[in-house]
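Heads up, query-v6.txt below (compact mmCIF, C-alpha atoms and all ligand atoms):
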```txt
# COMPACT_ATOMS: atom_id res chain seq x y z
CA MET A 259 15.84 -10.87 -10.55
CA SER A 260 17.35 -12.52 -7.59
CA GLN A 261 18.14 -10.60 -4.49
CA SER A 262 19.29 -12.22 -1.35
CA ILE A 263 20.07 -9.49 1.11
CA HIS A 264 17.55 -10.65 3.62
CA VAL A 265 14.36 -12.60 3.60
CA PRO A 266 11.38 -10.44 4.43
CA SER A 267 9.35 -11.68 7.32
CA ARG A 268 6.25 -11.97 5.26
CA ARG A 269 7.79 -14.33 2.80
CA LEU A 270 9.26 -16.25 5.65
CA PHE A 271 5.89 -16.67 7.27
CA LEU A 272 4.14 -17.51 4.04
CA GLY A 273 6.85 -19.95 3.20
CA ALA A 274 6.57 -21.53 6.57
CA LEU A 275 2.85 -21.82 6.21
CA GLY A 276 3.19 -23.17 2.73
CA THR A 277 0.49 -20.94 1.36
CA ALA A 278 2.27 -19.48 -1.61
CA LEU A 279 4.77 -20.24 -4.28
CA PHE A 280 7.55 -17.82 -4.87
CA THR A 281 8.79 -18.28 -8.33
CA THR A 282 10.73 -15.29 -9.48
CA ARG A 283 9.86 -14.54 -13.02
CA GLY A 284 11.89 -12.50 -15.43
CA LEU A 285 10.13 -9.42 -16.67
CA PHE A 286 10.55 -10.33 -20.28
CA ALA A 287 9.57 -13.96 -20.25
CA GLU A 288 5.82 -13.39 -20.44
CA GLN A 289 5.52 -10.51 -18.08
CA LEU A 290 5.78 -6.97 -19.35
CA LEU A 291 4.19 -5.04 -16.54
CA TYR A 292 4.50 -5.07 -12.80
CA PRO A 293 1.18 -5.61 -11.09
CA SER A 294 -0.40 -2.61 -9.42
CA PRO A 295 0.36 -3.03 -5.74
CA ALA A 296 -2.47 -3.97 -3.43
CA MET A 297 -3.25 -1.35 -0.85
CA THR A 298 -5.50 -1.30 2.16
CA GLU A 299 -9.22 -1.16 1.51
CA GLY A 300 -9.64 1.14 4.48
CA PRO A 301 -12.72 1.27 6.68
CA PHE A 302 -15.11 3.01 4.29
CA TYR A 303 -16.04 0.73 1.42
CA PRO A 304 -19.73 1.69 1.45
CA ASP A 305 -21.66 -0.47 3.88
CA LYS A 306 -24.82 0.40 1.99
CA LEU A 307 -24.25 0.83 -1.72
CA PRO A 308 -25.97 3.88 -3.20
CA LEU A 309 -28.99 3.35 -5.46
CA ASP A 310 -27.10 4.99 -8.25
CA GLN A 311 -23.90 3.04 -8.85
CA ASP A 312 -23.03 4.21 -12.33
CA ASN A 313 -19.71 5.64 -13.44
CA ASP A 314 -20.79 9.25 -13.06
CA LEU A 315 -20.26 10.18 -9.44
CA ILE A 316 -20.93 13.86 -10.07
CA ILE A 317 -24.66 13.47 -10.66
CA ILE A 318 -26.91 11.21 -8.63
CA LYS A 319 -29.75 9.79 -10.74
CA ASP A 320 -31.31 12.72 -12.60
CA SER A 321 -30.49 15.33 -10.03
CA THR A 322 -29.81 18.76 -11.44
CA THR A 323 -27.29 19.67 -8.78
CA PRO A 324 -23.78 18.37 -9.40
CA ALA A 325 -21.35 17.37 -6.67
CA VAL A 326 -19.00 19.95 -5.23
CA GLY A 327 -15.38 19.61 -6.29
CA ILE A 328 -13.06 19.64 -9.27
CA ILE A 329 -14.61 17.47 -11.94
CA THR A 330 -12.22 14.70 -12.85
CA HIS A 331 -12.32 12.39 -15.84
CA LEU A 332 -10.68 9.23 -14.63
CA THR A 333 -9.83 6.73 -17.34
CA GLY A 334 -7.56 3.77 -17.78
CA ARG A 335 -7.35 0.13 -18.67
CA VAL A 336 -7.42 -3.07 -16.74
CA LEU A 337 -4.51 -5.17 -17.95
CA SER A 338 -2.79 -8.42 -17.20
CA THR A 339 0.93 -8.43 -16.47
CA SER A 340 1.51 -9.42 -20.06
CA GLY A 341 -0.32 -6.31 -21.15
CA GLU A 342 -3.52 -8.01 -22.32
CA PRO A 343 -6.69 -6.02 -21.72
CA ILE A 344 -8.99 -7.72 -19.24
CA LYS A 345 -12.58 -7.99 -20.34
CA ASP A 346 -15.58 -8.12 -18.00
CA ALA A 347 -13.59 -6.68 -15.12
CA THR A 348 -15.69 -4.55 -12.83
CA VAL A 349 -13.84 -1.52 -11.54
CA GLU A 350 -15.31 0.02 -8.42
CA ILE A 351 -14.17 3.34 -7.03
CA TRP A 352 -15.04 5.13 -3.83
CA GLN A 353 -13.71 8.27 -2.21
CA CYS A 354 -14.73 10.98 0.21
CA ASP A 355 -16.64 14.01 -1.04
CA ALA A 356 -15.21 17.52 -1.33
CA ASN A 357 -16.03 18.06 2.36
CA ALA A 358 -14.05 14.95 3.32
CA VAL A 359 -17.00 12.70 4.10
CA TYR A 360 -17.25 9.08 2.95
CA LEU A 361 -20.49 7.44 1.99
CA HIS A 362 -20.56 5.08 4.94
CA THR A 363 -22.79 4.89 7.99
CA ARG A 364 -19.80 5.40 10.24
CA ASP A 365 -18.71 8.55 8.40
CA SER A 366 -21.62 10.16 6.61
CA GLY A 367 -23.78 9.19 9.60
CA PRO A 368 -22.12 11.40 12.19
CA LYS A 369 -21.07 13.95 9.57
CA ALA A 370 -24.45 14.26 7.86
CA GLU A 371 -24.33 18.06 8.12
CA GLN A 372 -20.94 18.23 6.51
CA GLN A 373 -21.66 15.71 3.75
CA ASP A 374 -22.10 16.75 0.14
CA LYS A 375 -25.40 15.01 -0.54
CA HIS A 376 -24.92 15.43 -4.28
CA PHE A 377 -21.79 13.31 -4.50
CA GLN A 378 -22.41 9.68 -5.32
CA GLY A 379 -19.39 8.49 -3.33
CA PHE A 380 -19.14 5.16 -5.16
CA GLY A 381 -19.29 4.02 -8.76
CA ARG A 382 -18.85 1.00 -10.97
CA PHE A 383 -17.77 0.28 -14.48
CA THR A 384 -17.40 -3.02 -16.28
CA THR A 385 -14.81 -3.29 -19.01
CA ALA A 386 -15.39 -4.51 -22.54
CA SER A 387 -12.76 -6.24 -24.65
CA THR A 388 -10.50 -3.17 -24.67
CA GLY A 389 -10.17 -3.33 -20.90
CA GLU A 390 -10.94 0.38 -20.70
CA TYR A 391 -12.80 2.02 -17.88
CA ARG A 392 -14.08 5.53 -17.39
CA PHE A 393 -15.45 7.56 -14.49
CA ARG A 394 -16.55 11.11 -13.91
CA THR A 395 -15.80 11.99 -10.32
CA ILE A 396 -14.15 14.71 -8.24
CA LYS A 397 -10.47 15.28 -7.70
CA PRO A 398 -9.77 13.61 -4.36
CA VAL A 399 -9.14 15.75 -1.30
CA PRO A 400 -7.28 15.00 1.93
CA TYR A 401 -9.14 13.31 4.75
CA PRO A 402 -8.35 13.75 8.45
CA GLY A 403 -5.44 11.43 9.14
CA ARG A 404 -4.85 10.93 5.43
CA PRO A 405 -2.82 13.84 4.03
CA SER A 406 -2.78 12.09 0.63
CA PRO A 407 -5.88 12.64 -1.43
CA HIS A 408 -6.77 9.27 -2.94
CA ILE A 409 -9.39 7.30 -4.82
CA HIS A 410 -10.05 3.77 -3.62
CA VAL A 411 -10.25 1.12 -6.31
CA LYS A 412 -11.41 -2.45 -6.31
CA VAL A 413 -11.33 -4.72 -9.35
CA LYS A 414 -13.58 -7.75 -9.54
CA ARG A 415 -14.26 -10.34 -12.15
CA GLY A 416 -17.38 -12.34 -11.56
CA ASP A 417 -17.41 -12.77 -7.83
CA ARG A 418 -13.63 -12.87 -7.55
CA GLU A 419 -11.81 -9.88 -6.20
CA LEU A 420 -8.70 -9.31 -8.25
CA LEU A 421 -7.23 -6.26 -6.59
CA THR A 422 -7.87 -3.55 -4.03
CA THR A 423 -5.70 -0.48 -4.29
CA GLN A 424 -5.69 3.32 -4.19
CA ILE A 425 -4.89 6.05 -6.71
CA PHE A 426 -2.79 8.99 -5.55
CA ILE A 427 -2.07 12.39 -7.08
CA ARG A 428 1.46 12.59 -8.44
CA GLY A 429 3.35 15.44 -6.84
CA HIS A 430 0.87 16.08 -4.03
CA GLU A 431 2.66 17.45 -0.99
CA GLY A 432 0.66 15.22 1.36
CA ASN A 433 2.00 11.99 -0.10
CA ALA A 434 5.26 12.06 1.82
CA ARG A 435 3.37 12.34 5.11
CA ASP A 436 0.69 9.80 4.31
CA GLY A 437 0.87 6.57 6.30
CA VAL A 438 -0.47 4.47 3.45
CA TYR A 439 1.49 6.08 0.64
CA ALA A 440 4.80 6.66 2.39
CA GLY A 441 4.28 3.39 4.24
CA THR A 442 4.62 1.62 0.90
CA ARG A 443 8.24 0.70 1.12
CA ASP A 444 8.79 -0.38 -2.43
CA LEU A 445 9.71 2.71 -4.42
CA VAL A 446 8.47 1.23 -7.68
CA ASP A 447 5.15 0.34 -6.12
CA ARG A 448 4.81 3.92 -4.97
CA GLU A 449 5.19 5.00 -8.53
CA LEU A 450 2.58 2.53 -9.74
CA VAL A 451 -0.19 4.09 -7.63
CA LEU A 452 0.35 7.64 -8.89
CA ALA A 453 -1.66 9.39 -11.57
CA ASP A 454 -1.17 12.81 -13.13
CA PHE A 455 -4.21 15.00 -12.68
CA THR A 456 -3.92 17.44 -15.53
CA PRO A 457 -6.20 20.28 -16.65
CA VAL A 458 -8.60 19.54 -19.47
CA LYS A 459 -7.78 21.94 -22.25
CA ASP A 460 -10.37 24.66 -22.80
CA SER A 461 -12.53 23.53 -19.90
CA LYS A 462 -14.44 26.54 -18.62
CA ILE A 463 -15.07 24.93 -15.27
CA GLY A 464 -11.54 23.74 -14.58
CA GLU A 465 -12.02 20.04 -15.18
CA VAL A 466 -9.05 17.71 -14.91
CA ARG A 467 -8.23 14.31 -16.31
CA ALA A 468 -6.32 11.41 -14.86
CA ASN A 469 -5.24 8.22 -16.52
CA PHE A 470 -4.52 5.15 -14.45
CA ASP A 471 -3.84 1.69 -15.82
CA ILE A 472 -4.58 -1.09 -13.39
CA VAL A 473 -2.40 -4.16 -13.81
CA VAL A 474 -3.76 -7.25 -12.21
CA GLY A 475 -1.30 -9.92 -11.10
CA ARG A 476 -1.32 -13.36 -12.59
CA THR A 477 -2.68 -15.14 -9.57
CA PRO A 478 -5.87 -13.38 -8.60
CA ASP A 479 -7.08 -16.31 -6.56
CA GLU A 480 -4.06 -16.12 -4.34
CA ARG A 481 -4.56 -12.42 -3.80
CA THR A 482 -8.12 -12.95 -2.79
CA PHE A 483 -7.03 -15.63 -0.43
CA GLN A 484 -4.40 -13.43 1.16
CA ARG A 485 -6.62 -10.49 1.73
CA MET B 141 -6.89 -27.31 43.06
CA LYS B 142 -3.51 -28.43 41.95
CA PHE B 143 -0.45 -26.40 42.61
CA ILE B 144 1.15 -25.23 39.43
CA GLY B 145 4.71 -26.38 39.59
CA LEU B 146 7.70 -24.63 38.10
CA LYS B 147 7.61 -26.84 35.06
CA SER B 148 3.98 -26.12 34.27
CA TRP B 149 4.63 -22.44 34.76
CA TRP B 150 7.37 -22.75 32.17
CA ASN B 151 4.92 -24.39 29.82
CA VAL B 152 2.47 -21.57 30.35
CA ARG B 153 5.19 -19.10 29.42
CA LEU B 154 5.97 -21.13 26.31
CA ALA B 155 2.33 -21.27 25.37
CA VAL B 156 1.95 -17.52 25.84
CA SER B 157 4.93 -16.93 23.60
CA ALA B 158 3.48 -19.22 20.99
CA VAL B 159 0.27 -17.27 21.07
CA ILE B 160 2.18 -14.02 20.69
CA VAL B 161 4.08 -15.42 17.73
CA GLY B 162 0.78 -16.55 16.26
CA MET B 163 -0.68 -13.09 16.67
CA ILE B 164 2.28 -11.53 14.97
CA VAL B 165 1.95 -13.95 12.09
CA VAL B 166 -1.66 -12.87 11.75
CA VAL B 167 -0.70 -9.21 11.90
CA VAL B 168 1.93 -9.61 9.23
CA GLN B 169 -0.34 -11.83 7.16
CA ALA B 170 -3.11 -9.26 7.31
CA GLN B 171 -0.94 -6.80 5.42
CA PRO B 172 -1.85 -6.46 1.79
CA PRO B 173 0.20 -8.68 -0.47
CA ARG B 174 3.35 -7.00 -1.58
CA GLY B 175 3.89 -9.05 -4.70
CA ASP B 176 6.81 -11.03 -3.40
CA ARG B 177 7.02 -12.88 -6.66
CA GLU B 178 8.43 -9.74 -8.21
CA GLY B 179 11.65 -10.05 -6.32
CA ARG B 180 10.98 -7.36 -3.79
CA VAL B 181 12.87 -7.49 -0.57
CA GLY B 182 10.84 -5.09 1.45
CA GLY B 183 11.62 -1.96 -0.47
CA GLY B 184 14.60 0.30 -0.45
CA VAL B 185 16.66 1.83 -3.18
CA ASP B 186 18.48 -1.33 -4.22
CA ALA B 187 15.28 -3.30 -4.63
CA ALA B 188 13.79 -0.54 -6.75
CA ILE B 189 16.89 -0.37 -8.93
CA ASN B 190 16.71 -4.09 -9.51
CA ARG B 191 13.05 -3.91 -10.41
CA LEU B 192 13.70 -1.10 -12.86
CA MET B 193 16.80 -2.71 -14.34
CA ALA B 194 14.64 -5.65 -15.33
CA TYR B 195 13.64 -3.36 -18.19
CA ASP B 196 17.21 -3.22 -19.45
CA ALA B 197 16.45 -5.49 -22.39
CA ASP B 198 19.86 -5.25 -24.08
CA LYS B 199 21.64 -5.64 -20.73
CA ASP B 200 23.97 -2.70 -21.27
CA GLY B 201 23.39 -1.50 -17.72
CA LYS B 202 21.41 1.53 -18.83
CA LEU B 203 17.73 2.15 -19.38
CA SER B 204 16.97 3.79 -22.67
CA LYS B 205 13.67 5.50 -23.37
CA ALA B 206 12.72 2.70 -25.72
CA GLU B 207 13.37 0.10 -23.06
CA MET B 208 11.04 1.85 -20.63
CA THR B 209 8.03 0.09 -22.07
CA ASP B 210 5.75 0.49 -19.06
CA GLY B 211 4.29 3.96 -19.41
CA ARG B 212 3.44 4.04 -15.72
CA LEU B 213 7.13 4.10 -14.92
CA PHE B 214 8.05 6.67 -17.53
CA PRO B 215 7.70 9.70 -15.22
CA LEU B 216 10.12 8.08 -12.79
CA TRP B 217 12.50 7.29 -15.62
CA GLN B 218 12.30 10.92 -16.70
CA ARG B 219 13.06 12.20 -13.21
CA CYS B 220 16.08 9.93 -13.09
CA ASP B 221 17.52 11.10 -16.39
CA ALA B 222 19.30 13.99 -14.76
CA ASN B 223 21.43 14.95 -17.76
CA HIS B 224 18.58 14.44 -20.23
CA ASP B 225 20.59 12.26 -22.57
CA GLY B 226 17.77 9.76 -22.98
CA GLU B 227 19.54 7.05 -21.01
CA VAL B 228 19.35 6.33 -17.34
CA THR B 229 22.41 4.84 -15.73
CA ARG B 230 22.53 2.90 -12.49
CA ASP B 231 24.16 5.93 -10.87
CA GLU B 232 21.35 8.19 -11.98
CA LEU B 233 18.82 5.72 -10.62
CA THR B 234 20.65 5.49 -7.34
CA SER B 235 20.92 9.19 -6.70
CA GLN B 236 17.35 10.02 -7.68
CA LEU B 237 15.81 7.12 -5.78
CA ARG B 238 17.88 7.89 -2.68
CA LYS B 239 16.66 11.44 -2.79
CA GLU B 240 13.03 10.37 -3.04
CA ASP B 241 13.40 7.65 -0.43
CA ASN B 242 14.85 10.14 2.03
CA ALA B 243 12.21 12.73 1.27
CA SER B 244 9.33 10.59 2.38
CA ASN B 245 10.61 7.81 4.60
CA HIS B 246 12.58 9.77 7.09
CA GLY B 247 10.76 13.08 6.94
CA GLY B 248 11.09 14.87 10.23
CA ASN B 249 7.42 15.52 10.80
CA GLY B 250 6.65 11.83 11.31
CA GLY B 251 3.33 11.84 9.56
CA GLY B 252 1.08 8.90 9.08
CA PRO B 253 -0.15 6.79 11.93
CA GLY B 254 2.49 8.14 14.29
CA GLY B 255 1.12 11.65 14.17
CA PRO B 256 3.40 14.63 14.67
CA GLY B 257 6.06 13.83 17.22
CA GLY B 258 4.77 10.36 17.92
CA GLY B 259 7.56 7.97 17.17
CA PRO B 260 6.78 4.32 16.60
CA PRO B 261 7.00 2.24 19.74
CA GLY B 262 10.28 1.07 21.12
CA ARG B 263 12.54 2.50 18.46
CA GLY B 264 14.27 5.33 20.27
CA PRO B 265 17.97 4.91 20.84
CA GLY B 266 18.37 2.78 23.90
CA GLY B 267 14.63 2.43 24.14
CA PRO B 268 13.06 -0.37 26.05
CA PRO B 269 12.97 -3.78 24.45
CA PRO B 270 9.43 -4.42 23.29
CA GLY B 271 7.42 -6.61 25.58
CA PHE B 272 4.17 -7.38 23.91
CA GLY B 273 4.77 -7.93 20.23
CA GLN B 274 8.13 -9.56 20.90
CA ILE B 275 8.57 -12.45 18.49
CA VAL B 276 10.84 -14.49 20.70
CA PRO B 277 11.16 -13.04 24.19
CA PRO B 278 14.68 -12.90 25.65
CA PHE B 279 14.07 -15.71 28.13
CA LEU B 280 13.09 -17.96 25.25
CA GLN B 281 16.04 -16.82 23.17
CA ASP B 282 18.29 -17.96 25.97
CA ASP B 283 16.45 -21.20 26.33
CA LEU B 284 16.63 -21.94 22.62
CA LYS B 285 20.37 -21.22 22.72
CA LEU B 286 20.24 -19.12 19.58
CA THR B 287 23.46 -18.53 17.71
CA GLU B 288 24.78 -15.03 17.24
CA ALA B 289 23.66 -15.05 13.61
CA GLN B 290 20.17 -16.19 14.54
CA ARG B 291 19.90 -13.43 17.12
CA THR B 292 20.90 -10.87 14.53
CA GLN B 293 18.34 -12.20 12.06
CA LEU B 294 15.73 -12.19 14.76
CA GLN B 295 16.56 -8.58 15.55
CA ASP B 296 15.99 -7.62 11.92
CA LEU B 297 12.71 -9.46 11.88
CA GLN B 298 11.66 -7.78 15.11
CA LYS B 299 12.52 -4.40 13.68
CA GLU B 300 10.30 -5.05 10.70
CA VAL B 301 7.45 -6.23 12.89
CA ASN B 302 7.78 -3.13 15.06
CA GLU B 303 7.69 -0.90 12.03
CA ARG B 304 4.61 -2.60 10.70
CA LEU B 305 2.90 -2.54 14.06
CA ALA B 306 3.55 1.18 14.21
CA LYS B 307 1.77 1.56 10.91
CA ILE B 308 -1.18 -0.54 11.92
CA LEU B 309 -1.87 0.94 15.32
CA THR B 310 -3.43 4.32 15.94
CA PRO B 311 -1.39 6.83 17.93
CA GLU B 312 -3.59 6.14 20.93
CA GLN B 313 -3.01 2.41 20.67
CA GLN B 314 0.72 2.93 20.27
CA GLN B 315 0.74 5.04 23.36
CA GLN B 316 -1.16 2.38 25.23
CA LEU B 317 1.22 -0.29 24.04
CA GLN B 318 4.16 1.81 25.06
CA GLN B 319 2.74 2.37 28.49
CA SER B 320 2.14 -1.31 28.95
CA ARG B 321 5.74 -1.91 27.93
CA GLY B 322 6.93 0.61 30.43
CA ARG B 323 8.94 3.60 29.47
CA GLY B 324 12.66 3.09 29.16
CA PRO B 325 15.49 5.55 28.92
CA GLY B 326 15.50 7.31 25.60
CA GLY B 327 12.20 5.84 24.50
CA PRO B 328 10.36 8.23 22.22
CA PRO B 329 7.81 10.39 23.92
CA GLY B 330 4.21 9.62 23.11
CA GLY B 331 2.72 11.66 20.31
CA PRO B 332 0.24 14.38 21.13
CA GLY B 333 -2.58 12.05 20.26
CA GLY B 334 -2.96 12.83 16.60
CA ARG B 335 -6.00 11.52 14.83
CA PRO B 336 -6.04 7.85 14.02
CA PRO B 337 -4.92 6.99 10.51
CA ARG B 338 -8.37 6.50 9.14
CA GLN B 339 -9.40 6.77 5.58
FE FE A 501 -9.57 6.49 2.05
```

Take the structure from the file and write it as structure tokens.
Amino acid sequence: MSQSIHVPSRRLFLGALGTALFTTRGLFAEQLLYPSPAMTEGPFYPDKLPLDQDNDLIIIKDSTTPAVGIITHLTGRVLSTSGEPIKDATVEIWQCDANAVYLHTRDSGPKAEQQDKHFQGFGRFTTASTGEYRFRTIKPVPYPGRPSPHIHVKVKRGDRELLTTQIFIRGHEGNARDGVYAGTRDLVDRELVLADFTPVKDSKIGEVRANFDIVVGRTPDERTFQR
Amino acid sequence: MKFIGLKSWWNVRLAVSAVIVGMIVVVVQAQPPRGDREGRVGGGVDAAINRLMAYDADKDGKLSKAEMTDGRLFPLWQRCDANHDGEVTRDELTSQLRKEDNASNHGGNGGGPGGPGGGPPGRGPGGPPPGFGQIVPPFLQDDLKLTEAQRTQLQDLQKEVNERLAKILTPEQQQQLQQSRGRGPGGPPGGPGGRPPRQ
């Protein structure tokens, strides 16, 4: 794929600084999948991680009160661009609660009254050889200034950060107005951060499911460096 | 104390410009990686078509269902297959992607960091040339004796930087920047101070 309409400034700068190699690779050489695009981490990756960091964000420890919100079963795989499942990848998610409060001193601090104290706000899951991950969380809601409901995702392997991105709801009316979503200029990349949130059949409490495969680029070190 | 002569003053101006350029490099660098290796040229319909056409394994210029091997892109493929014949042509891609690009990029309500009504700085027709955030200020452009082509390229680059700046800054900061640039004829009015684009 060679396009030569104009050189984007970023490439120009990187090229000038000699920090990256730009070898254009055909999709079908070894690569089958486009990497999930990196997206901003935002200001609210928890500054103090919760005591409970498991993959069930609906229940904290052995509380009997579940979080407010539409229960969402979020699943997917962590894959390489050649489609290989990535083992031992730790997927972290964080999002605001149903009242639009993040678990972060600068958000849940001032908004303590508003906060849903039963939502875990953050969770982790480490993949096995299938690359699969699984979370029980709430369907994301809009946040002031962010019309797109979204779930933040970070993928690590060992102490290397492979990717930071966000998951958006396909078809949500807020997406077109969202600075982060609509600010993603590449139309394919926009597609790669969408997930369908569909009703779970026969669920009495209106649960939904969402599947989101995370494709990690082939040069994780470079990504980490560029962040 | 030594009097700063004209020449030194010129050097100061050069140094300031260098610092500004450096800052812009940092700003642009700080953006998340956009996967340049994938042949992206900063988005747009054509870039997306090229990325999708990479899946045209038999090179017949159409994307069949079987060729669409990345399930994540299947919904898009489906939306593009307007006549539901199981094959997506370049024309189908073009018209669907144009539609979607227009729907979000140029939506009238100017959402995102700009807030309702708050246009990005310095982009109104006949608006003032940006001061701070200028990659190569006009006086330097003259001094460097840039060719016409170089000036055009520089303009494109500046446009991109402006757009990105607008995304990075909060409406309040944009307003501030605009004020410090001075308001020119036709410059967009400051937004009503929408909330900053936080998470
Ligand atoms: Fe967020």

I'd like the interatomic distance between CA of Ile318 in chain A and CA of Phe377 in chain A, to a tenth of an Å.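 Here the two named atoms are 6.9 Å from each other.
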
Give the residue list for ligand FE 501 (chain A) at 12 Å, counting all atoms listed in the file, as JSON, numbers by chain, sorted by chain and then by residue number. {"A": [297, 298, 299, 300, 301, 302, 303, 304, 351, 352, 353, 354, 355, 358, 359, 360, 361, 362, 365, 379, 398, 399, 400, 401, 402, 403, 404, 405, 406, 407, 408, 409, 410, 411, 422, 423, 424, 425, 426, 436, 437, 438, 439], "B": [337, 338, 339]}

Quick one: residues within 10 Å of Gly429 in chain A, only C-alpha atoms, excluding same-chain residues fewer than 5 positions away - as JSON, numbers by chain? {"A": [434, 452, 453, 454, 455]}

Of the residues A:Pro295, A:Gly389, A:Gly441, A:Gly327, which is the one nearest to Ser244 in chain B, using all atoms listed in the file?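 Of A:Pro295, A:Gly389, A:Gly441, A:Gly327, the one nearest Ser244 in chain B is A:Gly441, counting all atoms listed in the file.
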
Tell me, in Å to one decimal, how far CA of Met208 in chain B is from CA of Asn433 in chain A.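 Atom-to-atom, CA of Met208 in chain B and CA of Asn433 in chain A are spaced 24.6 Å apart.
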
Determine, counting all atoms listed in the file, which protein, DNA and RNA residues have an atom within 12 Å of an atom of Glu342 in chain A; residues of the same chain fewer than 6 positions away are not included. Present the result as a compact mmCIF listing (two decimals) with C-alpha atoms, in the frame of the given file.
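Contents of around12.txt, freshly written:
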```
# COMPACT_ATOMS: atom_id res chain seq x y z
CA GLU A 288 5.82 -13.39 -20.44
CA GLN A 289 5.52 -10.51 -18.08
CA LEU A 290 5.78 -6.97 -19.35
CA LEU A 291 4.19 -5.04 -16.54
CA ARG A 335 -7.35 0.13 -18.67
CA VAL A 336 -7.42 -3.07 -16.74
CA SER A 387 -12.76 -6.24 -24.65
CA THR A 388 -10.50 -3.17 -24.67
CA GLY A 389 -10.17 -3.33 -20.90
CA GLU A 390 -10.94 0.38 -20.70
CA ASP A 471 -3.84 1.69 -15.82
CA ILE A 472 -4.58 -1.09 -13.39
CA VAL A 473 -2.40 -4.16 -13.81
CA VAL A 474 -3.76 -7.25 -12.21
CA GLY A 475 -1.30 -9.92 -11.10
CA ARG A 476 -1.32 -13.36 -12.59
```

From B:Ala206, B:Asp198, B:Arg212, B:Cys220, residue lying nearest Pro293 in chain A [only C-alpha atoms]: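 Using only C-alpha atoms, the shortest distance to Pro293 in chain A belongs to B:Arg212.
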
Just to confirm, what's the straight-line distance from CA of Thr385 in chain A to CA of Ser461 in chain A in Å (one decimal)? 26.9 Å

Selected residue of minimal separation from chain A among B:Arg230, B:Lys202, B:Arg219, B:Arg191, counting all atoms listed in the file: B:Arg191

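Residue nearest Asp374 in chain A, chosen from A:Ile317, A:Thr348, A:Ala468, A:Arg394 and counting all atoms listed in the file: A:Ile317.
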
Neighbours of Thr384 in chain A within 8 Å (only C-alpha atoms; same-chain residues fewer than 6 positions away dropped), as a PyMOL selection string? chain A and resi 346-349+391

Can you tell me which residues surround Gly464 in chain A at a distance of at most 10 Å, considering only C-alpha atoms, apart from same-chain residues fewer than 5 positions away, and format the answer as a ChimeraX atom specification? /A:328-330,456-459

Which of these, A:Ala356, A:Ile463, A:Ala370, A:Leu450, has the shortest distance to chain B once you count only C-alpha atoms?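 Checking each candidate against chain B, we get A:Leu450 as the closest.
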
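Each of A:Ala386, A:Ile427, A:Thr322, A:Arg435 was checked against Val451 in chain A using all atoms listed in the file; the smallest atom-to-atom distance is that of A:Ile427.
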